[in-house]
Every structure is written in C-alpha cells, then in structure tokens.
$ cat structure.csv   # CSV, C-alpha atoms and all ligand atoms
chain,number,residue,atom,x,y,z
A,41,MET,CA,14.4,-6.7,6.5
A,42,LYS,CA,12.0,-6.8,3.6
A,43,ILE,CA,9.9,-3.7,4.0
A,44,LEU,CA,7.0,-2.2,2.2
A,45,VAL,CA,6.8,1.6,2.5
A,46,VAL,CA,3.3,2.7,1.8
A,47,GLY,CA,3.2,6.3,0.8
A,48,GLY,CA,7.0,6.1,0.4
A,49,ALA,CA,7.1,8.7,-2.4
A,50,GLY,CA,5.8,11.5,-0.2
A,51,TYR,CA,7.8,13.9,1.9
A,52,ILE,CA,8.6,11.9,5.1
A,53,GLY,CA,8.3,8.6,3.3
A,54,SER,CA,10.9,9.4,0.7
A,55,HIS,CA,13.4,10.5,3.3
A,56,THR,CA,12.8,7.3,5.3
A,57,VAL,CA,13.1,5.1,2.1
A,58,ARG,CA,16.6,6.6,1.6
A,59,ARG,CA,17.6,5.8,5.1
A,60,LEU,CA,16.3,2.3,4.8
A,61,ASN,CA,18.3,1.8,1.6
A,62,GLN,CA,21.4,3.2,3.2
A,63,GLN,CA,21.0,0.7,6.0
A,64,GLY,CA,20.8,-2.2,3.6
A,65,HIS,CA,17.1,-3.1,3.9
A,66,GLN,CA,15.2,-4.5,1.0
A,67,VAL,CA,12.6,-1.8,0.3
A,68,LEU,CA,9.5,-1.6,-1.9
A,69,ILE,CA,7.4,1.5,-2.2
A,70,PHE,CA,3.6,1.4,-2.7
A,71,ASP,CA,2.2,4.8,-3.6
A,72,ASN,CA,-0.6,6.2,-5.7
A,73,LEU,CA,1.5,9.3,-6.5
A,74,CYS,CA,-1.5,11.6,-5.7
A,75,THR,CA,0.8,13.7,-3.6
A,76,GLY,CA,4.0,11.7,-3.8
A,77,HIS,CA,6.7,12.1,-6.5
A,78,ARG,CA,8.1,9.5,-8.7
A,79,GLN,CA,11.4,11.4,-8.8
A,80,ALA,CA,11.8,11.2,-5.0
A,81,VAL,CA,12.4,7.4,-4.9
A,82,PRO,CA,14.5,4.9,-6.9
A,83,SER,CA,12.4,3.9,-9.9
A,84,GLY,CA,13.0,0.1,-9.5
A,85,GLN,CA,11.5,0.1,-6.1
A,86,LEU,CA,8.2,1.9,-6.9
A,87,ILE,CA,4.8,0.1,-7.2
A,88,VAL,CA,2.0,2.5,-8.2
A,89,GLY,CA,-1.3,1.4,-6.6
A,90,GLU,CA,-4.2,2.3,-4.5
A,91,LEU,CA,-5.1,1.3,-1.0
A,92,SER,CA,-8.5,0.2,-2.3
A,93,GLN,CA,-6.8,-2.7,-4.2
A,94,VAL,CA,-6.7,-5.1,-1.2
A,95,ASP,CA,-6.0,-8.2,-3.3
A,96,TYR,CA,-3.2,-6.5,-5.2
A,97,LEU,CA,-1.7,-5.3,-1.9
A,98,SER,CA,-1.9,-8.8,-0.5
A,99,ARG,CA,-0.1,-10.2,-3.5
A,100,VAL,CA,2.6,-7.6,-3.3
A,101,LEU,CA,3.1,-8.4,0.4
A,102,ARG,CA,3.1,-12.2,-0.2
A,103,GLU,CA,5.2,-12.4,-3.4
A,104,ASN,CA,7.9,-10.1,-2.0
A,105,GLU,CA,7.9,-11.9,1.4
A,106,ILE,CA,7.4,-8.5,3.2
A,107,GLU,CA,8.2,-8.6,6.9
A,108,ALA,CA,7.1,-5.1,8.0
A,109,VAL,CA,5.1,-2.2,6.6
A,110,LEU,CA,5.8,1.5,7.2
A,111,HIS,CA,2.6,3.4,6.5
A,112,PHE,CA,2.9,7.0,5.6
A,113,ALA,CA,0.0,7.3,3.0
A,114,ALA,CA,-2.5,9.9,4.3
A,115,PHE,CA,-3.9,13.3,3.7
A,116,ALA,CA,-2.4,15.5,6.4
A,117,LEU,CA,-3.8,19.1,6.2
A,118,VAL,CA,-5.8,20.3,9.1
A,119,GLY,CA,-7.7,23.0,7.3
A,120,GLU,CA,-8.6,20.8,4.3
A,121,SER,CA,-9.8,18.1,6.7
A,122,VAL,CA,-12.2,20.6,8.2
A,123,SER,CA,-13.7,21.5,4.8
A,124,ASP,CA,-13.5,18.0,3.3
A,125,PRO,CA,-13.8,15.4,6.1
A,126,ALA,CA,-15.1,12.7,3.8
A,127,SER,CA,-11.8,12.5,1.9
A,128,TYR,CA,-9.9,12.2,5.2
A,129,TYR,CA,-12.0,9.4,6.6
A,130,GLN,CA,-12.0,7.6,3.3
A,131,ASN,CA,-8.3,7.9,2.7
A,132,ASN,CA,-6.9,7.8,6.2
A,133,VAL,CA,-9.3,5.4,7.9
A,134,ALA,CA,-10.8,3.2,5.2
A,135,GLY,CA,-7.5,3.1,3.3
A,136,THR,CA,-5.6,2.0,6.4
A,137,LEU,CA,-8.2,-0.6,7.2
A,138,ASN,CA,-7.7,-2.0,3.7
A,139,LEU,CA,-4.0,-2.1,4.3
A,140,LEU,CA,-4.4,-3.9,7.6
A,141,ASP,CA,-6.7,-6.5,5.9
A,142,ALA,CA,-4.1,-7.1,3.3
A,143,MET,CA,-1.5,-7.5,5.9
A,144,ARG,CA,-3.6,-10.0,7.9
A,145,SER,CA,-4.4,-12.1,4.9
A,146,SER,CA,-0.6,-12.2,4.1
A,147,ASP,CA,0.6,-12.9,7.6
A,148,VAL,CA,2.4,-9.6,7.9
A,149,SER,CA,2.1,-8.4,11.5
A,150,GLN,CA,4.5,-5.6,11.9
A,151,ILE,CA,3.6,-2.0,11.1
A,152,VAL,CA,5.0,1.5,11.9
A,153,PHE,CA,2.1,4.0,11.5
A,154,SER,CA,2.4,7.7,11.0
A,155,SER,CA,0.3,9.3,13.7
A,156,THR,CA,0.3,13.0,14.7
A,157,THR,CA,0.2,15.5,17.4
A,158,ALA,CA,-3.2,16.5,16.1
A,159,THR,CA,-4.6,13.5,18.0
A,160,TYR,CA,-4.1,15.5,21.2
A,161,GLY,CA,-6.3,18.5,20.1
A,162,THR,CA,-5.7,21.4,22.5
A,163,PRO,CA,-3.5,19.9,25.2
A,164,GLN,CA,-4.1,20.6,28.9
A,165,GLN,CA,-0.4,20.4,29.7
A,166,LEU,CA,2.7,21.4,28.0
A,167,PRO,CA,5.1,19.9,26.9
A,168,ILE,CA,2.8,17.1,25.7
A,169,THR,CA,3.5,13.6,27.0
A,170,GLU,CA,2.0,10.4,25.6
A,171,GLN,CA,-0.3,10.4,28.7
A,172,GLU,CA,-2.0,13.6,27.5
A,173,PRO,CA,-5.7,12.8,26.7
A,174,GLN,CA,-6.4,12.5,23.0
A,175,ASN,CA,-9.3,14.8,22.1
A,176,PRO,CA,-8.7,15.9,18.5
A,177,ILE,CA,-10.3,19.1,17.3
A,178,ASN,CA,-10.2,18.4,13.6
A,179,PRO,CA,-11.1,15.5,11.3
A,180,TYR,CA,-7.4,14.9,10.4
A,181,GLY,CA,-6.5,14.3,14.0
A,182,PHE,CA,-9.5,12.2,14.6
A,183,SER,CA,-8.8,10.0,11.5
A,184,LYS,CA,-5.4,9.2,12.9
A,185,LEU,CA,-6.7,8.6,16.4
A,186,VAL,CA,-9.2,6.1,15.0
A,187,ILE,CA,-6.4,4.1,13.5
A,188,GLU,CA,-4.4,4.2,16.7
A,189,ARG,CA,-7.4,2.5,18.4
A,190,VAL,CA,-7.7,0.0,15.6
A,191,LEU,CA,-4.1,-0.9,16.0
A,192,ASP,CA,-4.6,-1.4,19.8
A,193,ASP,CA,-7.4,-3.8,19.1
A,194,TYR,CA,-5.6,-5.6,16.3
A,195,ALA,CA,-2.5,-6.0,18.5
A,196,SER,CA,-4.7,-7.6,21.3
A,197,ALA,CA,-6.8,-9.8,19.0
A,198,TYR,CA,-4.4,-10.7,16.2
A,199,GLY,CA,-1.0,-10.3,17.8
A,200,MET,CA,-0.1,-7.4,15.6
A,201,ALA,CA,3.1,-5.5,16.5
A,202,TYR,CA,2.9,-1.8,15.9
A,203,ALA,CA,4.4,1.6,16.6
A,204,ALA,CA,2.3,4.8,16.3
A,205,LEU,CA,4.7,7.7,15.9
A,206,ARG,CA,3.1,11.0,16.7
A,207,TYR,CA,4.9,13.5,14.6
A,208,PHE,CA,5.0,17.1,15.6
A,209,ASN,CA,5.8,19.5,12.7
A,210,ALA,CA,7.9,17.8,10.1
A,211,ALA,CA,10.2,20.3,8.4
A,212,GLY,CA,13.6,20.7,6.6
A,213,ALA,CA,15.1,18.7,3.8
A,214,SER,CA,17.9,16.2,3.3
A,215,PRO,CA,21.2,18.1,4.0
A,216,ASP,CA,22.7,17.1,0.6
A,217,GLY,CA,19.7,18.9,-1.1
A,218,ASP,CA,18.5,15.8,-3.1
A,219,LEU,CA,15.1,15.4,-1.3
A,220,GLY,CA,12.8,18.0,0.1
A,221,GLU,CA,9.3,19.2,0.6
A,222,ASP,CA,7.1,19.6,-2.5
A,223,HIS,CA,3.3,20.0,-2.0
A,224,THR,CA,0.8,21.4,-4.5
A,225,PRO,CA,-0.7,23.6,-3.4
A,226,GLU,CA,1.8,24.4,-0.6
A,227,SER,CA,0.2,25.2,2.8
A,228,HIS,CA,3.0,24.7,5.3
A,229,LEU,CA,4.7,27.6,7.0
A,230,ILE,CA,8.4,27.2,6.2
A,231,PRO,CA,8.0,26.3,2.5
A,232,ILE,CA,5.6,29.3,2.0
A,233,LEU,CA,8.1,31.7,3.7
A,234,LEU,CA,10.9,30.4,1.5
A,235,GLN,CA,8.7,30.7,-1.6
A,236,VAL,CA,8.3,34.4,-0.7
A,237,ALA,CA,12.1,34.6,-0.4
A,238,LEU,CA,12.4,33.0,-3.9
A,239,GLY,CA,10.1,35.6,-5.4
A,240,GLN,CA,7.4,33.0,-6.1
A,241,ARG,CA,4.9,34.7,-3.7
A,242,GLU,CA,4.6,38.4,-2.8
A,243,ASN,CA,4.1,37.9,0.9
A,244,VAL,CA,2.9,35.5,3.7
A,245,THR,CA,-0.2,35.8,5.8
A,246,LEU,CA,0.3,34.9,9.4
A,247,PHE,CA,-2.9,33.1,10.6
A,248,GLY,CA,-3.8,34.9,13.8
A,249,GLU,CA,-2.0,37.2,16.1
A,250,ASP,CA,-4.4,37.0,19.1
A,251,TYR,CA,-3.5,33.6,20.5
A,252,PRO,CA,-2.6,33.3,24.2
A,253,THR,CA,1.2,33.1,23.4
A,254,PRO,CA,4.0,35.6,24.1
A,255,ASP,CA,3.8,37.2,20.6
A,256,GLY,CA,0.2,36.2,19.8
A,257,THR,CA,1.1,33.7,17.1
A,258,CYS,CA,0.9,29.9,17.3
A,259,ILE,CA,3.7,27.9,18.7
A,260,ARG,CA,4.8,24.6,17.1
A,261,ASP,CA,7.6,22.0,17.6
A,262,TYR,CA,9.5,21.6,14.3
A,263,ILE,CA,11.3,18.3,13.8
A,264,HIS,CA,13.7,17.6,10.9
A,265,VAL,CA,12.4,15.1,8.4
A,266,ASP,CA,15.7,13.1,8.6
A,267,ASP,CA,15.3,12.8,12.4
A,268,LEU,CA,11.8,11.5,11.8
A,269,ALA,CA,13.2,9.0,9.3
A,270,ASP,CA,15.8,7.8,11.9
A,271,ALA,CA,13.1,7.2,14.4
A,272,HIS,CA,11.2,4.9,12.0
A,273,LEU,CA,14.3,2.7,11.6
A,274,LEU,CA,14.8,2.5,15.4
A,275,ALA,CA,11.1,1.7,16.0
A,276,LEU,CA,11.3,-1.2,13.5
A,277,ASP,CA,13.8,-2.8,15.9
A,278,ARG,CA,11.5,-2.4,18.9
A,279,LEU,CA,8.3,-3.9,17.6
A,280,ASN,CA,6.7,-6.6,19.8
A,281,PRO,CA,3.9,-9.0,18.9
A,282,GLY,CA,0.6,-8.1,20.6
A,283,THR,CA,1.7,-4.7,21.8
A,284,GLY,CA,2.1,-1.1,20.5
A,285,LEU,CA,4.6,1.7,21.0
A,286,LYS,CA,3.1,5.2,21.0
A,287,LEU,CA,5.7,7.8,20.9
A,288,ASN,CA,5.9,11.6,20.4
A,289,LEU,CA,8.5,12.7,17.9
A,290,GLY,CA,9.4,16.3,18.4
A,291,SER,CA,12.4,18.4,19.2
A,292,GLY,CA,11.0,19.5,22.6
A,293,SER,CA,11.4,23.2,21.6
A,294,GLY,CA,8.5,25.4,20.5
A,295,TYR,CA,8.8,28.3,18.1
A,296,SER,CA,6.1,30.9,17.3
A,297,VAL,CA,5.1,31.7,13.7
A,298,LYS,CA,6.9,35.0,14.1
A,299,GLU,CA,10.1,33.3,15.3
A,300,ILE,CA,10.0,31.1,12.2
A,301,LEU,CA,9.5,34.1,10.1
A,302,ASP,CA,12.6,35.8,11.7
A,303,MET,CA,14.7,32.7,11.2
A,304,CYS,CA,13.7,32.5,7.5
A,305,ARG,CA,14.6,36.2,7.1
A,306,GLN,CA,18.0,35.6,8.7
A,307,VAL,CA,18.8,32.5,6.6
A,308,THR,CA,17.6,33.9,3.3
A,309,GLY,CA,18.6,37.5,3.7
A,310,HIS,CA,15.2,38.4,2.3
A,311,ALA,CA,12.7,40.8,4.0
A,312,ILE,CA,9.8,38.3,3.5
A,313,PRO,CA,6.9,40.7,3.9
A,314,ALA,CA,4.2,39.4,6.2
A,315,THR,CA,0.6,40.5,6.9
A,316,ILE,CA,-1.7,39.4,9.7
A,317,GLY,CA,-4.8,37.4,8.8
A,318,PRO,CA,-7.6,35.7,10.7
A,319,ARG,CA,-7.0,32.4,12.6
A,320,ARG,CA,-7.0,29.2,10.6
A,321,ALA,CA,-9.8,26.7,11.6
A,322,GLY,CA,-8.5,23.8,13.7
A,323,ASP,CA,-5.2,25.4,14.9
A,324,PRO,CA,-4.5,24.9,18.6
A,325,PRO,CA,-2.4,27.8,20.1
A,326,GLU,CA,0.6,25.7,21.2
A,327,LEU,CA,2.0,22.2,20.6
A,328,VAL,CA,5.3,21.2,22.0
A,329,ALA,CA,6.5,17.7,22.5
A,330,ASP,CA,7.9,15.9,25.5
A,331,ALA,CA,9.7,13.3,23.4
A,332,SER,CA,11.7,11.8,26.3
A,333,ARG,CA,10.0,8.4,25.9
A,334,ALA,CA,11.1,8.1,22.3
A,335,ARG,CA,14.6,9.2,23.3
A,336,ASP,CA,14.7,6.6,26.0
A,337,LEU,CA,12.9,3.7,24.4
A,338,LEU,CA,14.4,4.1,20.9
A,339,ASP,CA,17.7,5.6,21.9
A,340,TRP,CA,16.8,8.3,19.5
A,341,SER,CA,18.4,11.7,19.4
A,342,PRO,CA,17.5,14.2,16.8
A,343,ARG,CA,20.6,15.4,14.9
A,344,TYR,CA,19.2,18.1,12.6
A,345,SER,CA,16.4,19.7,14.5
A,346,ASP,CA,17.8,22.9,15.7
A,347,LEU,CA,15.8,25.6,14.0
A,348,ARG,CA,18.6,27.1,11.9
A,349,THR,CA,19.6,23.7,10.5
A,350,ILE,CA,15.9,23.0,9.6
A,351,VAL,CA,15.6,26.3,7.8
A,352,GLU,CA,19.0,26.1,6.1
A,353,THR,CA,18.4,22.6,4.7
A,354,ALA,CA,14.9,23.6,3.5
A,355,TRP,CA,16.3,26.8,1.9
A,356,HIS,CA,19.1,24.7,0.2
A,357,TRP,CA,16.4,22.4,-1.3
A,358,HIS,CA,14.0,25.2,-2.4
A,359,ARG,CA,16.8,27.2,-4.0
A,360,ALA,CA,18.1,24.2,-5.9
A,361,HIS,CA,14.6,23.0,-6.8
A,362,PRO,CA,12.4,26.1,-7.3
A,363,THR,CA,9.7,24.0,-8.9
A,364,GLY,CA,10.1,21.1,-6.5
A,365,TYR,CA,10.6,17.8,-8.3
A,366,GLY,CA,9.4,19.4,-11.5
A,367,THR,CA,6.1,17.6,-11.8
B,401,LIG,N1,0.8,29.3,9.2
B,401,LIG,C1,0.7,30.7,8.9
B,401,LIG,N2,0.6,31.0,7.6
B,401,LIG,C2,0.8,30.1,6.6
B,401,LIG,C3,0.9,28.8,6.9
B,401,LIG,C4,0.9,28.4,8.3
B,401,LIG,O1,0.6,31.5,9.8
B,401,LIG,O2,0.7,30.5,5.4
B,401,LIG,C5,0.8,28.9,10.6
B,401,LIG,C6,-0.3,27.9,11.0
B,401,LIG,O3,-1.5,28.6,11.4
B,401,LIG,C7,0.4,27.2,12.2
B,401,LIG,C8,1.8,27.2,11.8
B,401,LIG,O4,2.0,28.2,10.9
B,401,LIG,O5,0.2,27.9,13.4
B,401,LIG,C9,2.3,25.9,11.3
B,401,LIG,O6,1.4,25.5,10.2
B,401,LIG,P1,1.7,24.4,9.2
B,401,LIG,O7,0.6,24.4,8.1
B,401,LIG,O8,3.1,24.5,8.6
B,401,LIG,O9,1.7,23.0,10.0
B,401,LIG,P2,0.6,22.4,10.9
B,401,LIG,O10,0.8,23.0,12.3
B,401,LIG,O11,-0.7,22.7,10.4
B,401,LIG,O12,0.9,20.9,10.9
$ encode --input "structure.csv" --output "structure tokens"
Amino acid sequence: MKILVVGGAGYIGSHTVRRLNQQGHQVLIFDNLCTGHRQAVPSGQLIVGELSQVDYLSRVLRENEIEAVLHFAAFALVGESVSDPASYYQNNVAGTLNLLDAMRSSDVSQIVFSSTTATYGTPQQLPITEQEPQNPINPYGFSKLVIERVLDDYASAYGMAYAALRYFNAAGASPDGDLGEDHTPESHLIPILLQVALGQRENVTLFGEDYPTPDGTCIRDYIHVDDLADAHLLALDRLNPGTGLKLNLGSGSGYSVKEILDMCRQVTGHAIPATIGPRRAGDPPELVADASRARDLLDWSPRYSDLRTIVETAWHWHRAHPTGYGT
C-alpha cells in the first residue's frame, strides 16, 4: 500500500515505519520534527511539515496517491497536558481535524489512529476491556477521546474506515539497537531509570508510594514498541468503510514502579538510587489491558513484551546511544 505516516519520525512512528518498509509498503513520513528525529527515518521518505498546512497535506496525499494514513503525531505527556492543556487541544484535536479535512478533500478514507489507555481515566474494572467507560482524568486522555468520537462520526457520515489503537505504556527499543526512545526532556520511567544507570542522572524519584496497590506504587502495562508496530500493520488489513475498530494494545501484565526499578537494577547491574516523591497529577493507580480483542481480531501476539526483553532492548539502545539520536 501507499501509506502516509504522520508523526513517523517519533518513537512509535519510526519503529512502525521500519516494519512497513520491511513489508514492502510504499511509505512517506510527514513530521514537523518538534519531537521526532530526522535520523530515525530514511531521509528520502521524510516530508517536514505542519498539520496546520491543510492544503499542503492534501497535495501530499493526492500527488503520492496515498491509500491510508497512520497518525502518530501528538503530544503525549499526562503531566504536561495538565499544566498546558491548550497545546494538547491545539495539537491533538485541531491538528487531527486538519489531517481529516485533508484526507476528505483527497479521497483518502483509511486511517489508523494512535489512541491511549488514558481515555479510560481511572477504570472501574481490571483488566481494562474496550467496554470500560471512557472518562479521562487529564487533558491528554480527553484530547484523544475527542478524536475517537470524531472518527465514529466521520465513519458514519463519510464512510471513513478507521482503527483507534489504545496503547498502554509503550516501552523498549528495536532489538538490533538502531531505533529507540529519545525524548527531551525525558519523563518516562524506564528511560529515566536507565539514564541513572548510565550516570546521566543521580537518582530517580518514584511518584507516590501511597497508592492502593500491593507496594504502594502505580501499576502499568508495558508493551514493546515493535509489538505496537506490528499491530498497526495488522490493523491496516482489517479496515472497513463506515466502521471503526477500537482495540486495547497491552501485554495483559501489570508491573508496579518498584518492580520496574528492580528489573532495571537486574538488567543494568547498577544500584539505581531511588527516592520517594509526591504523586504526579493525573496518574491513575493501575492500568492493565485486556487485549484479547486485538489478539483475536488482528491475530496479534506480542513477541517482545515480557518485561526483561523490554528493559534489555531499551538498555541496549541507551548504552549504544547515550545522547539519543544526537540532536
Ligand atoms: N514515574 C515515576 N518516576 C518518574 C517517571 C514516571 O515514578 O520519574 C511513574 C509514573 O508516575 C507512572 C509510571 O512511572 O506511575 C509510568 O510513567 P510514564 O511517564 O513512564 O508513563 P505514563 O504512565 O505516564 O504513560
């Protein structure tokens, strides 16, 4: 297929671009490089542009006879969304509406959209199925939920075919060590722990020890970035005009912040000093996926998402690329 990957120079996008290329798809990447990395994608495939450039986007779609869009471009930090909601609504909602306008005016009707577990808020039942009510507790989650609803309406009214893939915690790096996680500033747990192991930080602060979980720290479901990439390729094959697929993408296993710390200590052999700090705004205590629907409908089975493999691949990347992509 001819595919436009919006936000394809970012963490999950770049891993997916590589899989698409390996499978022989014709891939173009549209990215403003505000958080993505030129070095993470083949240079001949990259178009640098903004989602506000609707006419330009339409031209890119038309001139390249694009058949489907994968849309990764978004701000995705819970805490930042609480302190700066305007950026989140502007980028994640208005930006996506622009992309959908460009797609409609170019007769491109297939899209795979990066949604999130944050659309569920604090779940009433664990593990979380797709039937769980969506009541986000932070602007990031709400911005993604708005687009899920928009896609529903566009599917009914305009025959759009979409998948909304609700990621749990993306983690790890490509096993060969070529691609990995590089955020500035870094806020995610595993990269921060590994930066301590590399001597780039003195210690890590664990955000809260008074949650209603066995060890008092938050529990998350970590899913390897290459397993997420695989699910996108499978979802592309299952798109149907006028309907949407909404699928949880997680491993089905939950680990507490302290369990992640322990695994990082084991893999790196470093003591990784930790202190306890206050809770971080917008963090629910426990998020674990029931991903059986994605496994059934997509015939998807995560290959790299046991915790040790996640941490080992991330460690391999961070050791080989201590300054990330070097930008
Ligand atoms: N966390 C932490 N210290 C850090 C970064 C994260 O204790 O320096 C916790 C965070 O509160 C959450 C978990 O680790 O419970 C995963 O956070 P991350 O930012 O990696 O992903 P998120 O769950 O926000 O998508």
$ closest_residue --input "structure.csv" --among "A:Ser146, A:Ser293, A:Asn138, A:Asn131" --to "Glu105 in chain A" --atoms "all atoms listed in the file"
A:Ser146
$ closest_atom_pairs --input "structure.csv" --of "chain A" --to "ligand LIG 401 (chain B)" --cutoff "9 Å" --atoms "all atoms listed in the file" --output "CSV"
residue,atom,partner,partner_atom,distance
A:Ala116,CA,B:LIG401,O12,7.8
A:Leu117,CA,B:LIG401,O11,6.3
A:Val118,CA,B:LIG401,O11,5.8
A:Gly119,CA,B:LIG401,O11,7.7
A:Thr156,CA,B:LIG401,O12,8.8
A:Thr157,CA,B:LIG401,O12,8.5
A:Ala158,CA,B:LIG401,O12,8.0
A:Phe208,CA,B:LIG401,O12,7.3
A:Asn209,CA,B:LIG401,O12,5.4
A:Ala210,CA,B:LIG401,O12,7.7
A:Ala211,CA,B:LIG401,O8,8.3
A:Glu226,CA,B:LIG401,O2,8.6
A:Ser227,CA,B:LIG401,O7,5.4
A:His228,CA,B:LIG401,O8,3.3
A:Leu229,CA,B:LIG401,O8,3.8
A:Ile230,CA,B:LIG401,O8,6.4
A:Pro231,CA,B:LIG401,O8,8.0
A:Ile232,CA,B:LIG401,O2,6.1
A:Leu233,CA,B:LIG401,O2,7.7
A:Val244,CA,B:LIG401,O2,5.7
A:Thr245,CA,B:LIG401,N2,5.2
A:Leu246,CA,B:LIG401,O1,3.4
A:Phe247,CA,B:LIG401,O1,3.9
A:Gly248,CA,B:LIG401,O1,6.8
A:Glu249,CA,B:LIG401,O1,8.9
A:Thr257,CA,B:LIG401,O5,6.9
A:Cys258,CA,B:LIG401,O5,4.4
A:Ile259,CA,B:LIG401,O5,6.4
A:Arg260,CA,B:LIG401,C9,6.4
A:Asp261,CA,B:LIG401,O10,8.7
A:Tyr262,CA,B:LIG401,C9,8.9
A:Ser296,CA,B:LIG401,O5,7.7
A:Val297,CA,B:LIG401,O4,5.4
A:Lys298,CA,B:LIG401,O1,8.4
A:Ile300,CA,B:LIG401,O4,8.6
A:Ile316,CA,B:LIG401,O1,8.2
A:Gly317,CA,B:LIG401,O1,8.1
A:Arg319,CA,B:LIG401,O3,6.8
A:Arg320,CA,B:LIG401,O3,5.6
A:Ala321,CA,B:LIG401,O3,8.5
A:Gly322,CA,B:LIG401,O11,8.5
A:Asp323,CA,B:LIG401,O3,6.0
A:Pro324,CA,B:LIG401,O5,7.6
A:Pro325,CA,B:LIG401,O5,7.2
A:Glu326,CA,B:LIG401,O5,8.1
A:Leu327,CA,B:LIG401,O10,8.4
$ closest_residue --input "structure.csv" --among "A:Glu170, A:Glu90, A:Asp302, A:Glu103" --to "Ala329 in chain A" --atoms "all atoms listed in the file"
A:Glu170
$ atom_distance --input "structure.csv" --atom1 "CA of Arg144 in chain A" --atom2 "CA of Asp193 in chain A"
13.4 Å
$ closest_residue --input "structure.csv" --among "A:Pro254, A:Gly48, A:Gly135, A:Gly212" --to "Ile187 in chain A" --atoms "all atoms listed in the file"
A:Gly135
$ closest_residue --input "structure.csv" --among "A:Leu268, A:Val148, A:Ala331, A:Val236" --to "Tyr344 in chain A" --atoms "only C-alpha atoms"
A:Leu268
$ residues_around --input "structure.csv" --residues "range 347-360 of chain A" --least-positions-apart "2" --cutoff "10 Å" --atoms "only C-alpha atoms" --output "number ranges by chain"
A: 210-222, 230-231, 233-235, 237-238, 261-266, 291, 293-295, 299-300, 303-308, 343-345, 362-364
$ write_last_selection --input "structure.csv" --atoms "C-alpha atoms" --output "short mmCIF file (atom, residue, chain, number, x, y, z; two decimals), in the frame of the given file"
data_model
loop_
_atom_site.label_atom_id
_atom_site.label_comp_id
_atom_site.auth_asym_id
_atom_site.auth_seq_id
_atom_site.Cartn_x
_atom_site.Cartn_y
_atom_site.Cartn_z
CA ALA A 210 7.90 17.80 10.10
CA ALA A 211 10.20 20.30 8.40
CA GLY A 212 13.60 20.70 6.60
CA ALA A 213 15.10 18.70 3.80
CA SER A 214 17.90 16.20 3.30
CA PRO A 215 21.20 18.10 4.00
CA ASP A 216 22.70 17.10 0.60
CA GLY A 217 19.70 18.90 -1.10
CA ASP A 218 18.50 15.80 -3.10
CA LEU A 219 15.10 15.40 -1.30
CA GLY A 220 12.80 18.00 0.10
CA GLU A 221 9.30 19.20 0.60
CA ASP A 222 7.10 19.60 -2.50
CA ILE A 230 8.40 27.20 6.20
CA PRO A 231 8.00 26.30 2.50
CA LEU A 233 8.10 31.70 3.70
CA LEU A 234 10.90 30.40 1.50
CA GLN A 235 8.70 30.70 -1.60
CA ALA A 237 12.10 34.60 -0.40
CA LEU A 238 12.40 33.00 -3.90
CA ASP A 261 7.60 22.00 17.60
CA TYR A 262 9.50 21.60 14.30
CA ILE A 263 11.30 18.30 13.80
CA HIS A 264 13.70 17.60 10.90
CA VAL A 265 12.40 15.10 8.40
CA ASP A 266 15.70 13.10 8.60
CA SER A 291 12.40 18.40 19.20
CA SER A 293 11.40 23.20 21.60
CA GLY A 294 8.50 25.40 20.50
CA TYR A 295 8.80 28.30 18.10
CA GLU A 299 10.10 33.30 15.30
CA ILE A 300 10.00 31.10 12.20
CA MET A 303 14.70 32.70 11.20
CA CYS A 304 13.70 32.50 7.50
CA ARG A 305 14.60 36.20 7.10
CA GLN A 306 18.00 35.60 8.70
CA VAL A 307 18.80 32.50 6.60
CA THR A 308 17.60 33.90 3.30
CA ARG A 343 20.60 15.40 14.90
CA TYR A 344 19.20 18.10 12.60
CA SER A 345 16.40 19.70 14.50
CA PRO A 362 12.40 26.10 -7.30
CA THR A 363 9.70 24.00 -8.90
CA GLY A 364 10.10 21.10 -6.50
#
$ closest_residue --input "structure.csv" --among "A:Gln164, A:Asn243, A:Thr169, A:Asn132" --to "Leu185 in chain A" --atoms "all atoms listed in the file"
A:Asn132
$ closest_residue --input "structure.csv" --among "A:Cys74, A:Ala197, A:Val122, A:Ala108" --to "Leu276 in chain A" --atoms "only C-alpha atoms"
A:Ala108
$ residues_around --input "structure.csv" --residues "Val186 in chain A" --least-positions-apart "5" --cutoff "10 Å" --atoms "all atoms listed in the file" --output "PDB file with C-alpha atoms, in the coordinates of the input"
ATOM      1  CA  TYR A 129     -12.000   9.400   6.600  1.00  0.00           C
ATOM      2  CA  ASN A 132      -6.900   7.800   6.200  1.00  0.00           C
ATOM      3  CA  VAL A 133      -9.300   5.400   7.900  1.00  0.00           C
ATOM      4  CA  THR A 159      -4.600  13.500  18.000  1.00  0.00           C
ATOM      5  CA  GLY A 181      -6.500  14.300  14.000  1.00  0.00           C
ATOM      6  CA  LEU A 191      -4.100  -0.900  16.000  1.00  0.00           C
TER       7      LEU A 191
END
$ residues_around --input "structure.csv" --residues "range 53-57 of chain A" --least-positions-apart "4" --cutoff "10 Å" --atoms "only C-alpha atoms" --output "PyMOL selection string"
chain A and resi 43-49+61-63+65-69+71+76-82+85+110-113+154+213-214+218-221+265-273
$ closest_atom_pairs --input "structure.csv" --of "range 198-279 of chain A" --to "range 149-152 of chain A" --cutoff "12 Å" --atoms "all atoms listed in the file" --output "Markdown table"
| residue | atom | partner | partner_atom | distance |
| --- | --- | --- | --- | --- |
| A:Tyr198 | CA | A:Ser149 | CA | 8.3 |
| A:Gly199 | CA | A:Ser149 | CA | 7.3 |
| A:Met200 | CA | A:Ser149 | CA | 4.8 |
| A:Ala201 | CA | A:Gln150 | CA | 4.8 |
| A:Tyr202 | CA | A:Ile151 | CA | 4.9 |
| A:Ala203 | CA | A:Val152 | CA | 4.7 |
| A:Ala204 | CA | A:Val152 | CA | 6.1 |
| A:Leu205 | CA | A:Val152 | CA | 7.4 |
| A:Arg206 | CA | A:Val152 | CA | 10.8 |
| A:Ala269 | CA | A:Val152 | CA | 11.4 |
| A:Ala271 | CA | A:Val152 | CA | 10.2 |
| A:His272 | CA | A:Val152 | CA | 7.1 |
| A:Leu273 | CA | A:Val152 | CA | 9.4 |
| A:Leu274 | CA | A:Val152 | CA | 10.5 |
| A:Ala275 | CA | A:Val152 | CA | 7.4 |
| A:Leu276 | CA | A:Val152 | CA | 7.0 |
| A:Asp277 | CA | A:Gln150 | CA | 10.5 |
| A:Arg278 | CA | A:Val152 | CA | 10.3 |
| A:Leu279 | CA | A:Gln150 | CA | 7.1 |
$ atom_distance --input "structure.csv" --atom1 "CA of Leu166 in chain A" --atom2 "CA of Glu188 in chain A"
21.8 Å
$ atom_distance --input "structure.csv" --atom1 "CA of Lys184 in chain A" --atom2 "CA of Ser332 in chain A"
21.9 Å
